Amino acid sequence: MRFRSMAASVLLGCALCVAPAALGAGPSSLAIQPCPEVNDPPDYTISNGAKAWMKTNLRSDYLRGPGTITYNKTTTSSVNASITGTTSAEAGVIFAKASVSLAVSVGASYSKADSWSYAATVPAGKTLRLQQYKEGRSFTVQKYRIVPPCKVKYLWKKNAVAPVKSPSYLWQLVG
């Protein structure tokens, strides 16, 4: 009996403290928010990740075959990511999320100073040149935010290509 009356006193005391706040009485009212993510900043989802080869700034002159074309220079190879309509700060967040989602580190750009040497045979009747490509990842990014009442609102969807932050290159003959 004594336990019941003590428990009833504690519950009544709690109810007297919480009830006015829950009903919006006074500045200390409890704000019961069914979806706290509504106030969060926009976020991004990354999907459809695939390997992509991105053209760098390194290429030879054209050669009309038959013959061997050789590229041999000490210079800087560079390539930039492509994603349109985003600020550099937003792009940084996107590349960080993509790196986690794609399980490979990607960035807004990649450059490497080195001695580059590559040769290939151009077949007869063709006019081709050597082109260097940098390994990258293509992916789809969607920007979204949570809006009341706890719904996802997609703001935009874009395709992006970003270089992998490791020295992996491919040389190809191109027309």
# chains A, B, ... in the order shown; residues from 1 in each chain; ligands from 1
call {"tool": "select_by_dssp", "arguments": {"residues": "region 37-156 of chain A", "states": "strand (DSSP E)", "output": "PyMOL selection string"}}
result
chain A and resi 43-59+63-64+67-80+109-122+127-147+151-156
call {"tool": "select_by_dssp", "arguments": {"residues": "region 17-170 of chain A", "states": "helix (DSSP H, G or I)", "output": "PyMOL selection string"}}
result
chain A and resi 17-22+36-39+88-102
call {"tool": "write_last_selection", "arguments": {"atoms": "C-alpha atoms", "output": "compact mmCIF listing (two decimals), in the first residue's frame"}}
result
# COMPACT_ATOMS: atom_id res chain seq x y z
CA CYS A 17 5.52 19.15 -14.63
CA VAL A 18 5.12 17.75 -18.13
CA ALA A 19 1.44 18.47 -18.88
CA PRO A 20 1.72 22.31 -19.00
CA ALA A 21 4.84 22.06 -21.19
CA ALA A 22 3.27 19.53 -23.54
CA PRO A 36 13.59 15.99 -36.37
CA GLU A 37 15.33 15.60 -39.76
CA VAL A 38 13.06 18.34 -41.18
CA ASN A 39 15.54 20.95 -39.92
CA SER A 88 32.86 24.13 -55.17
CA ALA A 89 31.82 23.58 -51.53
CA GLU A 90 28.84 21.48 -52.62
CA ALA A 91 31.02 19.54 -55.07
CA GLY A 92 33.46 18.78 -52.23
CA VAL A 93 30.65 17.26 -50.18
CA ILE A 94 29.46 15.26 -53.19
CA PHE A 95 32.95 13.84 -53.91
CA ALA A 96 33.40 12.94 -50.22
CA LYS A 97 30.05 11.08 -50.20
CA ALA A 98 30.88 9.43 -53.54
CA SER A 99 34.24 8.24 -52.19
CA VAL A 100 32.47 6.45 -49.34
CA SER A 101 29.63 5.11 -51.48
CA LEU A 102 31.86 3.92 -54.34
call {"tool": "residues_around", "arguments": {"residues": "Thr70 (chain A)", "least_positions_apart": "2", "cutoff": "8 Å", "atoms": "only C-alpha atoms", "output": "number ranges by chain"}}
result
A: 60, 68, 72, 117-120, 130
call {"tool": "write_last_selection", "arguments": {"atoms": "all heavy atoms", "output": "compact mmCIF listing (two decimals), in the first residue's frame"}}
result
# COMPACT_ATOMS: atom_id res chain seq x y z
N SER A 60 49.28 13.06 -78.38
CA SER A 60 50.33 13.25 -79.37
C SER A 60 49.78 14.00 -80.57
O SER A 60 48.59 14.31 -80.65
CB SER A 60 50.86 11.89 -79.82
OG SER A 60 49.87 11.22 -80.59
N THR A 68 54.70 4.02 -86.58
CA THR A 68 54.63 3.97 -85.12
C THR A 68 54.61 5.39 -84.58
O THR A 68 55.44 6.22 -84.97
CB THR A 68 55.83 3.20 -84.54
OG1 THR A 68 55.81 1.88 -85.06
CG2 THR A 68 55.77 3.15 -83.02
N ASN A 72 56.61 10.90 -75.86
CA ASN A 72 57.70 10.84 -74.89
C ASN A 72 57.96 12.26 -74.39
O ASN A 72 58.63 13.04 -75.05
CB ASN A 72 58.95 10.25 -75.55
CG ASN A 72 60.00 9.87 -74.53
OD1 ASN A 72 59.76 9.93 -73.34
ND2 ASN A 72 61.16 9.49 -75.02
N SER A 117 55.91 8.02 -71.44
CA SER A 117 56.44 7.42 -72.66
C SER A 117 55.53 6.26 -73.08
O SER A 117 55.27 5.35 -72.30
CB SER A 117 57.85 6.89 -72.41
OG SER A 117 58.39 6.37 -73.59
N TYR A 118 55.04 6.36 -74.32
CA TYR A 118 54.15 5.32 -74.83
C TYR A 118 54.23 5.31 -76.35
O TYR A 118 54.39 6.36 -76.98
CB TYR A 118 52.70 5.55 -74.39
CG TYR A 118 51.84 4.33 -74.53
CD1 TYR A 118 51.84 3.35 -73.55
CD2 TYR A 118 51.05 4.16 -75.65
CE1 TYR A 118 51.06 2.21 -73.70
CE2 TYR A 118 50.27 3.02 -75.80
CZ TYR A 118 50.28 2.05 -74.82
OH TYR A 118 49.52 0.92 -74.96
N ALA A 119 54.13 4.15 -76.93
CA ALA A 119 54.18 4.02 -78.39
C ALA A 119 53.11 3.04 -78.86
O ALA A 119 52.74 2.12 -78.13
CB ALA A 119 55.55 3.52 -78.83
N ALA A 120 52.61 3.26 -80.08
CA ALA A 120 51.60 2.37 -80.67
C ALA A 120 51.72 2.42 -82.18
O ALA A 120 52.16 3.42 -82.75
CB ALA A 120 50.21 2.79 -80.23
N LEU A 130 47.83 9.36 -80.20
CA LEU A 130 47.76 8.76 -78.88
C LEU A 130 47.07 9.72 -77.92
O LEU A 130 47.36 10.92 -77.92
CB LEU A 130 49.17 8.46 -78.34
CG LEU A 130 49.81 7.19 -78.84
CD1 LEU A 130 51.27 7.14 -78.41
CD2 LEU A 130 49.07 5.98 -78.28
call {"tool": "atom_distance", "arguments": {"atom1": "CA of Leu63 (chain A)", "atom2": "CA of Val174 (chain A)"}}
result
10.6 Å
call {"tool": "atom_distance", "arguments": {"atom1": "CA of Lys165 (chain A)", "atom2": "CA of Ile83 (chain A)"}}
result
17.0 Å
call {"tool": "atom_distance", "arguments": {"atom1": "CA of Asn48 (chain A)", "atom2": "CA of Gly136 (chain A)"}}
result
13.4 Å
